[in-house]
>>> print(open('protein_17.txt').read())   # compact mmCIF, C-alpha atoms
# COMPACT_ATOMS: atom_id res chain seq x y z
CA MET A 1 -53.77 193.77 -138.09
CA ALA A 2 -56.75 193.24 -140.38
CA ASP A 3 -59.70 195.53 -139.78
CA LEU A 4 -62.89 193.48 -139.36
CA THR A 5 -65.26 196.42 -139.08
CA SER A 6 -68.08 196.20 -141.56
CA THR A 7 -70.41 198.67 -143.23
CA PHE A 8 -73.28 196.92 -144.97
CA VAL A 9 -75.85 199.13 -146.74
CA GLY A 10 -74.81 201.91 -144.37
CA ILE A 11 -75.19 199.72 -141.27
CA LYS A 12 -71.98 199.63 -139.24
CA SER A 13 -70.87 196.72 -137.06
CA PRO A 14 -67.54 195.77 -135.43
CA ASN A 15 -67.29 192.60 -137.51
CA PRO A 16 -69.17 190.97 -140.42
CA PHE A 17 -70.68 188.19 -138.30
CA TRP A 18 -74.41 188.62 -137.70
CA LEU A 19 -76.89 186.23 -136.15
CA ALA A 20 -79.64 185.25 -138.58
CA SER A 21 -83.31 185.63 -137.83
CA ALA A 22 -84.00 182.43 -135.84
CA PRO A 23 -84.51 181.10 -132.28
CA PRO A 24 -81.19 182.58 -131.02
CA THR A 25 -82.52 186.10 -131.77
CA ASP A 26 -86.03 185.64 -130.40
CA LYS A 27 -85.73 187.71 -127.24
CA GLU A 28 -83.77 190.40 -125.43
CA TYR A 29 -82.05 187.92 -123.10
CA ASN A 30 -80.52 186.05 -126.03
CA VAL A 31 -79.50 189.10 -128.05
CA ARG A 32 -77.80 190.80 -125.11
CA ARG A 33 -75.77 187.67 -124.45
CA ALA A 34 -74.89 187.44 -128.14
CA PHE A 35 -73.63 191.02 -128.23
CA LYS A 36 -71.61 190.51 -125.06
CA ALA A 37 -70.07 187.43 -126.68
CA GLY A 38 -68.88 189.57 -129.60
CA TRP A 39 -71.40 189.24 -132.44
CA GLY A 40 -71.35 192.21 -134.80
CA GLY A 41 -75.09 192.27 -135.39
CA VAL A 42 -78.35 190.39 -135.25
CA VAL A 43 -81.44 190.00 -137.36
CA TRP A 44 -84.25 189.79 -134.80
CA LYS A 45 -86.50 186.78 -135.21
CA THR A 46 -89.30 187.49 -137.66
CA LEU A 47 -92.11 189.70 -136.38
CA GLY A 48 -95.67 189.30 -137.59
CA ALA A 49 -98.68 191.57 -137.64
CA GLU A 50 -100.95 191.98 -134.67
CA GLY A 51 -104.04 189.83 -134.90
CA PRO A 52 -104.59 186.09 -134.50
CA PRO A 53 -101.70 184.79 -132.38
CA VAL A 54 -98.95 182.66 -133.91
CA VAL A 55 -99.13 179.24 -132.26
CA ASN A 56 -96.14 176.90 -132.48
CA VAL A 57 -96.29 173.16 -131.91
CA ASN A 58 -95.64 171.98 -128.36
CA GLY A 59 -93.80 168.87 -129.50
CA PRO A 60 -90.54 168.31 -131.36
CA ARG A 61 -89.64 171.09 -133.80
CA TYR A 62 -86.38 169.80 -135.26
CA GLY A 63 -85.18 166.88 -137.33
CA ALA A 64 -81.47 166.20 -137.88
CA ILE A 65 -78.98 164.69 -140.31
CA TYR A 66 -75.75 163.45 -138.72
CA GLY A 67 -72.28 162.59 -139.98
CA ALA A 68 -70.55 159.34 -139.06
CA ASP A 69 -69.28 160.89 -135.80
CA ARG A 70 -72.78 162.20 -134.96
CA ARG A 71 -71.73 165.69 -135.86
CA LEU A 72 -74.78 167.71 -136.87
CA LEU A 73 -74.69 168.25 -140.64
CA GLY A 74 -78.22 169.46 -141.27
CA LEU A 75 -81.18 170.62 -139.23
CA ASN A 76 -84.81 170.62 -140.34
CA ASN A 77 -87.18 172.87 -138.39
CA ILE A 78 -90.95 173.32 -138.38
CA GLU A 79 -90.91 176.35 -136.08
CA LEU A 80 -92.89 179.44 -137.06
CA ILE A 81 -92.07 183.13 -136.70
CA THR A 82 -92.04 184.63 -133.20
CA ASP A 83 -95.03 183.67 -131.08
CA ARG A 84 -94.37 186.52 -128.63
CA PRO A 85 -96.52 189.70 -128.71
CA LEU A 86 -95.43 192.27 -131.27
CA GLN A 87 -95.17 195.11 -128.74
CA THR A 88 -93.06 192.98 -126.41
CA ASN A 89 -90.57 192.38 -129.21
CA LEU A 90 -90.53 196.04 -130.22
CA ASP A 91 -89.88 197.18 -126.62
CA GLU A 92 -87.00 194.72 -126.29
CA ILE A 93 -85.46 195.72 -129.63
CA LYS A 94 -85.48 199.35 -128.54
CA SER A 95 -83.90 198.49 -125.18
CA VAL A 96 -81.09 196.42 -126.69
CA LYS A 97 -80.30 198.93 -129.44
CA ARG A 98 -80.08 201.71 -126.83
CA ASP A 99 -77.49 199.76 -124.85
CA PHE A 100 -75.50 198.46 -127.85
CA PRO A 101 -75.46 201.39 -130.30
CA ASP A 102 -72.35 200.10 -132.10
CA ARG A 103 -73.99 196.78 -133.09
CA ALA A 104 -76.17 196.16 -136.13
CA MET A 105 -79.83 195.68 -135.27
CA VAL A 106 -81.94 194.51 -138.20
CA VAL A 107 -85.55 193.41 -137.76
CA SER A 108 -87.06 190.60 -139.82
CA ILE A 109 -90.70 191.15 -140.78
CA MET A 110 -93.40 188.98 -142.33
CA VAL A 111 -96.98 190.23 -142.62
CA PRO A 112 -99.77 189.50 -145.14
CA CYS A 113 -99.13 190.57 -148.72
CA GLU A 114 -101.28 193.68 -148.31
CA GLU A 115 -100.05 197.27 -148.47
CA ASP A 116 -101.90 198.35 -145.33
CA ALA A 117 -100.27 195.59 -143.27
CA TRP A 118 -96.77 196.75 -144.22
CA ARG A 119 -97.65 200.41 -143.85
CA ALA A 120 -98.89 199.76 -140.30
CA ILE A 121 -95.89 197.83 -138.96
CA LEU A 122 -92.99 199.75 -140.50
CA PRO A 123 -93.28 202.97 -138.41
CA ARG A 124 -93.47 200.89 -135.25
CA VAL A 125 -90.27 199.07 -136.12
CA GLU A 126 -88.57 202.30 -137.13
CA GLU A 127 -89.45 203.85 -133.78
CA THR A 128 -87.25 201.27 -132.01
CA GLY A 129 -84.12 202.78 -133.50
CA ALA A 130 -83.37 199.63 -135.50
CA ASP A 131 -80.81 200.00 -138.28
CA GLY A 132 -82.73 198.19 -140.99
CA ILE A 133 -85.36 195.62 -141.87
CA GLU A 134 -85.20 192.24 -143.56
CA LEU A 135 -88.25 191.10 -145.50
CA ASN A 136 -88.77 187.40 -144.84
CA PHE A 137 -89.76 186.01 -148.23
CA GLY A 138 -88.26 182.62 -147.55
CA CYS A 139 -89.92 180.44 -144.88
CA PRO A 140 -91.03 177.25 -146.67
CA HIS A 141 -93.39 175.93 -143.98
CA GLY A 142 -96.29 177.13 -141.88
CA MET A 143 -96.39 180.73 -142.97
CA SER A 144 -96.18 179.94 -146.68
CA GLU A 145 -99.43 178.01 -146.34
CA ARG A 146 -100.93 181.31 -145.21
CA GLY A 147 -99.74 183.23 -148.28
CA MET A 148 -96.54 184.60 -146.74
CA GLY A 149 -92.86 183.60 -146.63
CA ALA A 150 -91.84 181.48 -149.61
CA ALA A 151 -95.28 181.96 -151.15
CA VAL A 152 -94.21 185.56 -151.78
CA GLY A 153 -90.57 184.78 -152.46
CA GLN A 154 -91.45 182.44 -155.31
CA VAL A 155 -93.28 185.18 -157.22
CA PRO A 156 -90.93 187.94 -158.46
CA GLU A 157 -93.84 190.32 -159.06
CA TYR A 158 -94.85 190.06 -155.39
CA ILE A 159 -91.27 190.64 -154.26
CA GLU A 160 -91.00 193.80 -156.33
CA MET A 161 -94.40 195.04 -155.14
CA VAL A 162 -93.82 194.54 -151.41
CA THR A 163 -90.29 195.92 -151.61
CA ARG A 164 -91.67 199.10 -153.21
CA TRP A 165 -94.16 199.46 -150.38
CA CYS A 166 -91.42 199.15 -147.79
CA LYS A 167 -89.12 201.63 -149.49
CA GLN A 168 -92.07 204.03 -149.64
CA TYR A 169 -93.01 203.74 -145.96
CA THR A 170 -89.66 203.58 -144.17
CA ARG A 171 -86.31 205.38 -144.12
CA MET A 172 -84.52 202.21 -143.01
CA PRO A 173 -82.43 200.12 -145.43
CA VAL A 174 -84.47 197.23 -146.84
CA ILE A 175 -82.87 193.79 -147.14
CA VAL A 176 -84.88 191.15 -149.01
CA LYS A 177 -84.35 187.59 -147.79
CA LEU A 178 -84.66 185.14 -150.68
CA THR A 179 -85.93 181.58 -150.76
CA PRO A 180 -83.81 178.83 -152.35
CA ASN A 181 -86.98 176.93 -153.20
CA ILE A 182 -87.07 178.31 -156.72
CA THR A 183 -85.65 177.38 -160.12
CA ASP A 184 -83.51 180.47 -160.73
CA VAL A 185 -82.62 182.66 -157.75
CA ARG A 186 -81.48 185.48 -160.04
CA LYS A 187 -85.07 186.35 -160.95
CA PRO A 188 -86.31 187.16 -157.42
CA ALA A 189 -83.02 189.00 -156.75
CA ALA A 190 -83.57 191.14 -159.83
CA ALA A 191 -87.17 191.77 -158.73
CA ALA A 192 -85.95 192.94 -155.34
CA LYS A 193 -83.55 195.33 -157.04
CA ARG A 194 -86.31 196.72 -159.28
CA GLY A 195 -88.39 197.29 -156.17
CA GLY A 196 -85.62 199.40 -154.69
CA ALA A 197 -84.12 196.92 -152.21
CA ASP A 198 -80.85 198.01 -150.67
CA ALA A 199 -79.60 194.41 -150.47
CA VAL A 200 -80.60 190.77 -150.58
CA SER A 201 -79.84 188.02 -148.07
CA LEU A 202 -79.73 184.33 -148.88
CA ILE A 203 -80.37 181.53 -148.57
CA ASN A 204 -83.37 180.91 -146.40
CA THR A 205 -84.09 177.30 -145.50
CA ILE A 206 -84.65 174.55 -148.06
CA ASN A 207 -87.94 172.68 -148.12
CA SER A 208 -87.25 169.24 -146.68
CA ILE A 209 -88.16 166.09 -144.82
CA THR A 210 -85.02 164.80 -143.13
CA SER A 211 -86.17 161.32 -142.12
CA VAL A 212 -89.07 158.96 -141.52
CA ASN A 213 -89.65 156.98 -138.34
CA LEU A 214 -90.06 153.46 -139.71
CA ASP A 215 -91.85 152.27 -136.58
CA THR A 216 -94.60 154.90 -136.64
CA MET A 217 -94.30 155.60 -140.39
CA SER A 218 -94.28 159.32 -139.62
CA PRO A 219 -91.85 161.98 -140.87
CA GLU A 220 -89.56 163.42 -138.19
CA PRO A 221 -90.11 165.52 -136.19
CA SER A 222 -93.37 163.73 -135.44
CA ILE A 223 -96.31 165.43 -133.76
CA ASP A 224 -98.91 162.94 -132.54
CA GLY A 225 -98.11 160.54 -135.38
CA LYS A 226 -97.97 163.15 -138.13
CA GLY A 227 -95.06 165.05 -139.68
CA SER A 228 -94.66 168.01 -142.01
CA HIS A 229 -92.13 169.41 -144.42
CA GLY A 230 -89.84 171.98 -142.84
CA GLY A 231 -86.85 174.22 -143.49
CA TYR A 232 -83.39 172.63 -143.90
CA CYS A 233 -80.25 174.46 -142.79
CA GLY A 234 -76.76 173.82 -141.46
CA PRO A 235 -73.41 172.82 -143.01
CA ALA A 236 -75.11 170.57 -145.57
CA VAL A 237 -76.73 173.53 -147.36
CA LYS A 238 -73.55 175.61 -147.69
CA PRO A 239 -72.71 174.43 -151.26
CA ILE A 240 -76.18 175.42 -152.46
CA ALA A 241 -75.92 178.79 -150.74
CA LEU A 242 -72.47 179.52 -152.19
CA SER A 243 -73.70 178.80 -155.69
CA MET A 244 -76.77 181.03 -155.35
CA VAL A 245 -74.74 183.88 -153.86
CA SER A 246 -72.27 183.66 -156.74
CA GLU A 247 -75.07 183.65 -159.32
CA ILE A 248 -76.44 186.92 -158.01
CA ALA A 249 -72.97 188.45 -157.65
CA ARG A 250 -72.02 187.78 -161.28
CA ASP A 251 -75.37 188.33 -162.98
CA PRO A 252 -75.33 191.60 -164.99
CA GLU A 253 -78.79 192.55 -163.71
CA THR A 254 -77.83 192.29 -160.03
CA HIS A 255 -74.06 192.81 -160.19
CA GLY A 256 -72.92 195.14 -157.43
CA MET A 257 -76.02 194.61 -155.31
CA PRO A 258 -75.01 194.06 -151.64
CA ILE A 259 -75.49 190.47 -150.46
CA SER A 260 -75.71 189.06 -146.95
CA GLY A 261 -74.62 185.43 -147.12
CA ILE A 262 -76.50 182.74 -145.18
CA GLY A 263 -76.31 178.96 -145.19
CA GLY A 264 -74.13 176.66 -143.12
CA VAL A 265 -71.58 179.21 -141.92
CA THR A 266 -69.77 177.41 -139.10
CA THR A 267 -66.15 178.59 -139.30
CA TRP A 268 -64.16 181.65 -140.37
CA ARG A 269 -63.28 179.79 -143.57
CA ASP A 270 -66.97 179.42 -144.46
CA ALA A 271 -67.39 183.16 -143.97
CA ALA A 272 -64.35 183.96 -146.11
CA GLU A 273 -65.71 181.75 -148.91
CA PHE A 274 -69.08 183.52 -148.85
CA MET A 275 -67.40 186.92 -148.90
CA SER A 276 -65.05 185.94 -151.72
CA LEU A 277 -68.14 185.10 -153.79
CA GLY A 278 -69.71 188.49 -153.20
CA ALA A 279 -71.27 188.52 -149.72
CA GLY A 280 -70.60 191.72 -147.77
CA ASN A 281 -71.24 189.94 -144.48
CA VAL A 282 -72.58 186.60 -143.23
CA GLN A 283 -75.43 185.49 -141.01
CA VAL A 284 -75.16 182.48 -138.70
CA CYS A 285 -77.84 180.30 -137.11
CA THR A 286 -77.34 176.52 -136.95
CA ALA A 287 -73.75 176.77 -135.74
CA VAL A 288 -74.88 178.83 -132.74
CA MET A 289 -77.76 176.47 -132.04
CA THR A 290 -75.19 173.65 -132.02
CA TYR A 291 -72.17 175.19 -130.27
CA GLY A 292 -73.35 178.39 -128.58
CA PHE A 293 -72.66 182.11 -128.92
CA LYS A 294 -68.93 181.90 -128.11
CA ILE A 295 -68.06 180.40 -131.50
CA VAL A 296 -67.84 183.98 -132.71
CA ASP A 297 -64.44 184.18 -130.98
CA GLU A 298 -63.04 181.49 -133.27
CA MET A 299 -64.69 183.10 -136.30
CA THR A 300 -63.28 186.58 -135.72
CA ALA A 301 -59.83 185.34 -134.67
CA GLY A 302 -59.56 182.97 -137.61
CA LEU A 303 -60.74 185.51 -140.18
CA SER A 304 -58.39 188.16 -138.81
CA ARG A 305 -55.39 185.80 -138.83
CA TRP A 306 -56.10 184.63 -142.39
CA MET A 307 -56.53 188.20 -143.63
CA ASP A 308 -53.20 189.16 -142.04
CA GLU A 309 -51.48 186.20 -143.72
CA LYS A 310 -52.93 187.16 -147.11
CA GLY A 311 -52.32 190.87 -146.72
CA TYR A 312 -55.96 191.92 -146.73
CA ARG A 313 -56.38 195.03 -144.63
CA SER A 314 -60.18 195.21 -144.60
CA VAL A 315 -63.20 192.99 -145.16
CA ASP A 316 -64.04 194.97 -148.31
CA GLU A 317 -60.80 193.75 -149.91
CA VAL A 318 -62.06 190.14 -149.63
CA VAL A 319 -65.59 190.71 -150.91
CA GLY A 320 -66.03 189.48 -154.48
CA ARG A 321 -62.43 188.34 -155.01
CA ALA A 322 -63.48 184.95 -156.39
CA VAL A 323 -66.38 186.16 -158.53
CA PRO A 324 -64.31 186.68 -161.72
CA ASN A 325 -63.20 183.06 -161.48
CA VAL A 326 -66.75 181.69 -161.46
CA THR A 327 -67.74 180.81 -165.01
CA ASP A 328 -70.04 178.57 -166.98
CA TRP A 329 -68.89 175.06 -167.92
CA GLN A 330 -68.42 175.82 -171.61
CA TYR A 331 -65.72 178.35 -170.78
CA LEU A 332 -63.51 175.94 -168.82
CA ASN A 333 -60.04 175.35 -170.28
CA LEU A 334 -60.12 171.95 -172.01
CA ASN A 335 -56.34 172.11 -172.50
CA TYR A 336 -55.81 171.81 -168.76
CA VAL A 337 -54.54 168.28 -168.00
CA ALA A 338 -53.77 166.76 -164.59
CA LYS A 339 -53.08 163.28 -163.18
CA ALA A 340 -53.51 161.80 -159.72
CA ARG A 341 -50.41 161.05 -157.65
CA ILE A 342 -50.36 158.74 -154.61
CA SER A 343 -47.81 159.30 -151.83
CA GLN A 344 -46.60 155.85 -150.81
CA ASP A 345 -45.23 157.28 -147.57
CA ASP A 346 -48.67 158.48 -146.52
CA CYS A 347 -50.78 155.63 -147.95
CA ILE A 348 -52.41 153.39 -145.31
CA LYS A 349 -53.35 150.77 -147.92
CA CYS A 350 -57.07 150.96 -147.21
CA GLY A 351 -57.91 150.54 -150.90
CA ARG A 352 -60.71 153.08 -151.00
CA CYS A 353 -59.16 154.89 -153.95
CA TYR A 354 -58.86 151.61 -155.85
CA ALA A 355 -62.45 150.57 -155.14
CA ALA A 356 -63.84 153.96 -156.11
CA CYS A 357 -61.87 154.17 -159.35
CA GLU A 358 -62.37 150.52 -160.32
CA ASP A 359 -66.14 150.73 -159.86
CA THR A 360 -66.55 154.20 -161.36
CA SER A 361 -65.62 153.09 -164.88
CA HIS A 362 -62.09 154.53 -165.11
CA GLN A 363 -59.95 151.65 -163.76
CA ALA A 364 -56.99 154.03 -163.45
CA ILE A 365 -55.49 152.69 -160.20
CA SER A 366 -53.65 149.36 -159.97
CA MET A 367 -53.30 147.22 -156.84
CA SER A 368 -50.29 144.92 -156.33
CA ALA A 369 -50.20 141.75 -154.25
CA ASP A 370 -48.83 143.69 -151.26
CA ARG A 371 -51.58 146.33 -151.67
CA THR A 372 -49.47 149.03 -153.22
CA PHE A 373 -51.64 151.37 -155.24
CA GLU A 374 -50.36 153.17 -158.34
CA VAL A 375 -52.03 155.50 -160.83
CA ILE A 376 -52.21 154.34 -164.46
CA ASP A 377 -51.70 157.62 -166.32
CA ALA A 378 -53.08 156.28 -169.59
CA GLU A 379 -56.47 155.68 -167.92
CA CYS A 380 -56.58 158.59 -165.45
CA VAL A 381 -59.10 161.27 -166.46
CA ALA A 382 -58.22 163.46 -163.45
CA CYS A 383 -61.73 163.24 -162.04
CA ASN A 384 -60.39 163.78 -158.47
CA LEU A 385 -62.63 161.09 -156.96
CA CYS A 386 -59.65 159.26 -155.43
CA VAL A 387 -58.62 162.47 -153.66
CA ASP A 388 -62.12 162.93 -152.27
CA VAL A 389 -62.54 159.38 -150.91
CA CYS A 390 -59.03 159.02 -149.47
CA PRO A 391 -59.18 159.23 -145.64
CA VAL A 392 -55.61 160.61 -145.42
CA GLU A 393 -55.37 164.31 -146.22
CA ASN A 394 -52.89 165.11 -149.01
CA CYS A 395 -52.02 161.46 -149.54
CA ILE A 396 -53.39 161.75 -153.07
CA THR A 397 -52.86 164.98 -154.98
CA MET A 398 -53.47 166.18 -158.52
CA GLU A 399 -50.42 167.11 -160.56
CA ARG A 400 -50.84 169.35 -163.57
CA LEU A 401 -48.96 168.26 -166.70
CA ALA A 402 -46.73 170.97 -168.11
CA PRO A 403 -47.32 172.26 -171.66
CA GLY A 404 -45.44 170.09 -174.15
CA THR A 405 -45.99 166.89 -172.13
CA VAL A 406 -47.62 163.99 -173.95
CA ASP A 407 -50.85 162.94 -172.26
CA ALA A 408 -50.54 159.16 -171.95
CA ARG A 409 -54.31 158.76 -172.08
CA THR A 410 -54.93 160.64 -175.32
CA GLY A 411 -51.50 160.60 -176.91
CA LYS A 412 -51.79 164.35 -177.50
CA VAL A 413 -49.31 167.03 -176.54
CA VAL A 414 -50.58 169.24 -173.71
CA GLU A 415 -51.00 172.72 -175.12
CA ALA A 416 -50.03 175.90 -173.32
CA GLU A 417 -52.90 177.66 -171.63
CA PRO A 418 -54.44 180.19 -174.04
CA ALA A 419 -54.50 183.84 -173.12
CA ASP A 420 -58.27 183.88 -173.54
CA TRP A 421 -59.94 180.49 -173.41
CA THR A 422 -63.37 181.96 -174.21
CA THR A 423 -62.23 182.52 -177.82
CA HIS A 424 -59.92 179.52 -178.19
CA PRO A 425 -60.83 177.27 -181.17
CA ASN A 426 -60.63 174.12 -179.00
CA ASN A 427 -63.33 175.48 -176.72
CA PRO A 428 -66.73 174.07 -177.83
CA GLY A 429 -68.49 177.05 -176.31
CA ALA A 430 -66.06 179.66 -177.62
CA VAL A 431 -67.33 183.19 -178.05
CA ALA A 432 -66.09 184.78 -181.26
CA ALA A 433 -63.83 187.75 -180.67
CA GLU A 434 -65.29 191.04 -181.79
>>> encode(input="protein_17.txt", output="structure tokens")
Amino acid sequence: MADLTSTFVGIKSPNPFWLASAPPTDKEYNVRRAFKAGWGGVVWKTLGAEGPPVVNVNGPRYGAIYGADRRLLGLNNIELITDRPLQTNLDEIKSVKRDFPDRAMVVSIMVPCEEDAWRAILPRVEETGADGIELNFGCPHGMSERGMGAAVGQVPEYIEMVTRWCKQYTRMPVIVKLTPNITDVRKPAAAAKRGGADAVSLINTINSITSVNLDTMSPEPSIDGKGSHGGYCGPAVKPIALSMVSEIARDPETHGMPISGIGGVTTWRDAAEFMSLGAGNVQVCTAVMTYGFKIVDEMTAGLSRWMDEKGYRSVDEVVGRAVPNVTDWQYLNLNYVAKARISQDDCIKCGRCYAACEDTSHQAISMSADRTFEVIDAECVACNLCVDVCPVENCITMERLAPGTVDARTGKVVEAEPADWTTHPNNPGAVAAE
């Protein structure tokens, strides 16, 4: 059977599924229940410095985006870091780590961007026996208005500076949590590496307003008639997270840097996709807030079964497998030709493929009087839209044309795939061979 044990920046856990820093990791009661349910590790909800208390709103904290079946696709929150006393959190972290020594215990921290503030809190966290710290440079609301969170994460120089402080004042591994609210996520990742970070985690939440109440004309969630931007998470952000993880994994400046993947992980397949793009483990939040701690059973069982089927013996054998296949557009093989094929046995004659293709400028699907839909090869550009809009899985598939076949659309013979497309003369972005 596949071995799911994970070692991430020296931190061992029985599986690669950690709970992200969020409401599910805010107190001892929750974390104990999570560990008993089978989670490999947690990142304790972000601790702040002692001083003026953190005060959360006492009204709604979440806004939601739903699918057609009211399945939760995205969650927008305006909650702040922990509002519980620092010492209370530290005592509970120590207690839980003592009773669950085999689980990963990482502590998220956010204090003012001042060296003394970090120097003061780090020994206190270290004394709990925690395995590592995560620097929260990502929160886009509330704390960023106070010069913390994303306000730090959007300035690479600040990231490098604070990371250096932390590496100077603690023995624990330092994970830097990155904000997606930036033009190029590779720059803060590189800054974290220069500062000595042991790893990065991403993505934190995306700055958002999910909806507006058209009766009160207030953004949701609404507090006494007013709303604020918040942090967006859940399945809807997964594509953005996957892209950012892959960018860091394949960038020469950060290649090989450990990555903890975050953003919409709901199933074992989501986790496997993150790991294939370079994540050493994954962190989960919204899925637990939606379905509860026990979803980890499905995640571990599904990942283990898939790894057995593929012959992967350990999690490390999955990490980064897809990275070599991520490239820039100009290096895609322009000799690759495919056409859509519609299975008449599976077609329910809904016409969605026809409507999508007819009104998306290609007009590559015909409709007969009895509503039989056929692909017109001479017009099909293989855009895949018909596959995506079809409600019947595998009813429409893409068939690759073999080399030597005449493409009905262009009249050209399909060439064999070149050994190295990056230097092929038909590639507009070809790199000259040395």
>>> residues_near_point(input="protein_17.txt", point="(-100.2, 187.3, -152.0)", cutoff="8 Å", atoms="only C-alpha atoms", output="PyMOL selection string")
chain A and resi 112-114+147-148+151-152+158
>>> residues_around(input="protein_17.txt", residues="Arg32 (chain A)", least_positions_apart="3", cutoff="9 Å", atoms="all atoms listed in the file", output="PDB file with C-alpha atoms, keeping the file's coordinate frame")
ATOM      1  CA  LYS A  27     -85.730 187.710-127.240  1.00  0.00           C
ATOM      2  CA  GLU A  28     -83.770 190.400-125.430  1.00  0.00           C
ATOM      3  CA  TYR A  29     -82.050 187.920-123.100  1.00  0.00           C
ATOM      4  CA  PHE A  35     -73.630 191.020-128.230  1.00  0.00           C
ATOM      5  CA  LYS A  36     -71.610 190.510-125.060  1.00  0.00           C
ATOM      6  CA  ALA A  37     -70.070 187.430-126.680  1.00  0.00           C
ATOM      7  CA  VAL A  96     -81.090 196.420-126.690  1.00  0.00           C
ATOM      8  CA  ASP A  99     -77.490 199.760-124.850  1.00  0.00           C
ATOM      9  CA  PHE A 100     -75.500 198.460-127.850  1.00  0.00           C
TER      10      PHE A 100
END
>>> residues_near_point(input="protein_17.txt", point="(-46.7, 171.9, -177.2)", cutoff="10 Å", atoms="only C-alpha atoms", output="ChimeraX atom specification")
/A:402-406,412-416
>>> closest_residue(input="protein_17.txt", among="A:Leu178, A:Val54, A:Asn76, A:Phe8", to="Val319 (chain A)", atoms="only C-alpha atoms")
A:Phe8
>>> residues_around(input="protein_17.txt", residues="Phe274 (chain A)", least_positions_apart="3", cutoff="9 Å", atoms="all atoms listed in the file", output="list of chain:residue names")
A:Ala241, A:Leu242, A:Val245, A:Ser246, A:Ser260, A:Gly261, A:Ile262, A:Val265, A:Arg269, A:Asp270, A:Ala271, A:Leu277, A:Gly278, A:Ala279, A:Gly280, A:Asn281, A:Val282, A:Val319, A:Gly320
>>> closest_residue(input="protein_17.txt", among="A:Asp359, A:Glu247, A:Asp297, A:Asp377", to="Thr327 (chain A)", atoms="all atoms listed in the file")
A:Glu247
>>> residues_around(input="protein_17.txt", residues="Gly149 (chain A)", least_positions_apart="2", cutoff="12 Å", atoms="all atoms listed in the file", output="ChimeraX atom specification")
/A:46-48,80-81,108-113,134-147,151-155,158-159,162,176-181,204-205,231
>>> atom_distance(input="protein_17.txt", atom1="CA of Val9 (chain A)", atom2="CA of Thr290 (chain A)")
29.4 Å
>>> atom_distance(input="protein_17.txt", atom1="CA of Val174 (chain A)", atom2="CA of Ala199 (chain A)")
6.7 Å
>>> closest_residue(input="protein_17.txt", among="A:Asn77, A:Ser211, A:Thr397, A:Gln363", to="Ser343 (chain A)", atoms="all atoms listed in the file")
A:Thr397
>>> residues_around(input="protein_17.txt", residues="Ala34 (chain A)", least_positions_apart="4", cutoff="10 Å", atoms="only C-alpha atoms", output="PyMOL selection string")
chain A and resi 18-19+24-25+28-30+38-42+288+292-294+296
>>> residues_around(input="protein_17.txt", residues="region 10-12 of chain A", least_positions_apart="6", cutoff="9 Å", atoms="all atoms listed in the file", output="list in words")
Gly40, Gly41, Asp102, Arg103, Ala104, Met105, Asp131, Gly132 and Pro173 of chain A
>>> atom_distance(input="protein_17.txt", atom1="CA of Gly234 (chain A)", atom2="CA of Thr286 (chain A)")
5.3 Å
>>> closest_atom_pairs(input="protein_17.txt", of="region 280-366 of chain A", to="region 381-387 of chain A", cutoff="6 Å", atoms="only C-alpha atoms", output="tab-separated table")
residue	atom	partner	partner_atom	distance
A:Ala338	CA	A:Ala382	CA	5.7
A:Lys339	CA	A:Ala382	CA	5.2
A:Cys353	CA	A:Cys386	CA	4.6
>>> closest_residue(input="protein_17.txt", among="A:Pro188, A:Gly225, A:Pro60, A:Gly129", to="Glu157 (chain A)", atoms="all atoms listed in the file")
A:Pro188
>>> closest_residue(input="protein_17.txt", among="A:Leu332, A:Ile365, A:Ile396, A:Met307", to="Asp346 (chain A)", atoms="all atoms listed in the file")
A:Ile396
>>> closest_residue(input="protein_17.txt", among="A:Met161, A:Val392, A:Ala287, A:Val185", to="Val200 (chain A)", atoms="only C-alpha atoms")
A:Val185
>>> build_atoms(input="protein_17.txt", residues="region 66-73 of chain A", atoms="N, CA and C atoms", output="PDB file, in the frame of the given file")
ATOM      1  N   TYR A  66     -77.039 163.537-139.390  1.00  0.00           N
ATOM      2  CA  TYR A  66     -75.750 163.450-138.720  1.00  0.00           C
ATOM      3  C   TYR A  66     -74.671 162.869-139.632  1.00  0.00           C
ATOM      4  N   GLY A  67     -73.413 163.242-139.351  1.00  0.00           N
ATOM      5  CA  GLY A  67     -72.280 162.590-139.980  1.00  0.00           C
ATOM      6  C   GLY A  67     -71.951 161.315-139.224  1.00  0.00           C
ATOM      7  N   ALA A  68     -70.911 160.615-139.674  1.00  0.00           N
ATOM      8  CA  ALA A  68     -70.550 159.340-139.060  1.00  0.00           C
ATOM      9  C   ALA A  68     -70.175 159.481-137.588  1.00  0.00           C
ATOM     10  N   ASP A  69     -69.671 160.654-137.190  1.00  0.00           N
ATOM     11  CA  ASP A  69     -69.280 160.890-135.800  1.00  0.00           C
ATOM     12  C   ASP A  69     -70.392 161.568-135.000  1.00  0.00           C
ATOM     13  N   ARG A  70     -71.594 161.558-135.535  1.00  0.00           N
ATOM     14  CA  ARG A  70     -72.780 162.200-134.960  1.00  0.00           C
ATOM     15  C   ARG A  70     -72.648 163.718-134.908  1.00  0.00           C
ATOM     16  N   ARG A  71     -71.786 164.246-135.731  1.00  0.00           N
ATOM     17  CA  ARG A  71     -71.730 165.690-135.860  1.00  0.00           C
ATOM     18  C   ARG A  71     -72.936 166.147-136.671  1.00  0.00           C
ATOM     19  N   LEU A  72     -73.572 167.229-136.210  1.00  0.00           N
ATOM     20  CA  LEU A  72     -74.780 167.710-136.870  1.00  0.00           C
ATOM     21  C   LEU A  72     -74.430 168.332-138.215  1.00  0.00           C
ATOM     22  N   LEU A  73     -74.956 167.747-139.297  1.00  0.00           N
ATOM     23  CA  LEU A  73     -74.690 168.250-140.640  1.00  0.00           C
ATOM     24  C   LEU A  73     -75.851 169.090-141.173  1.00  0.00           C
TER      25      LEU A  73
END
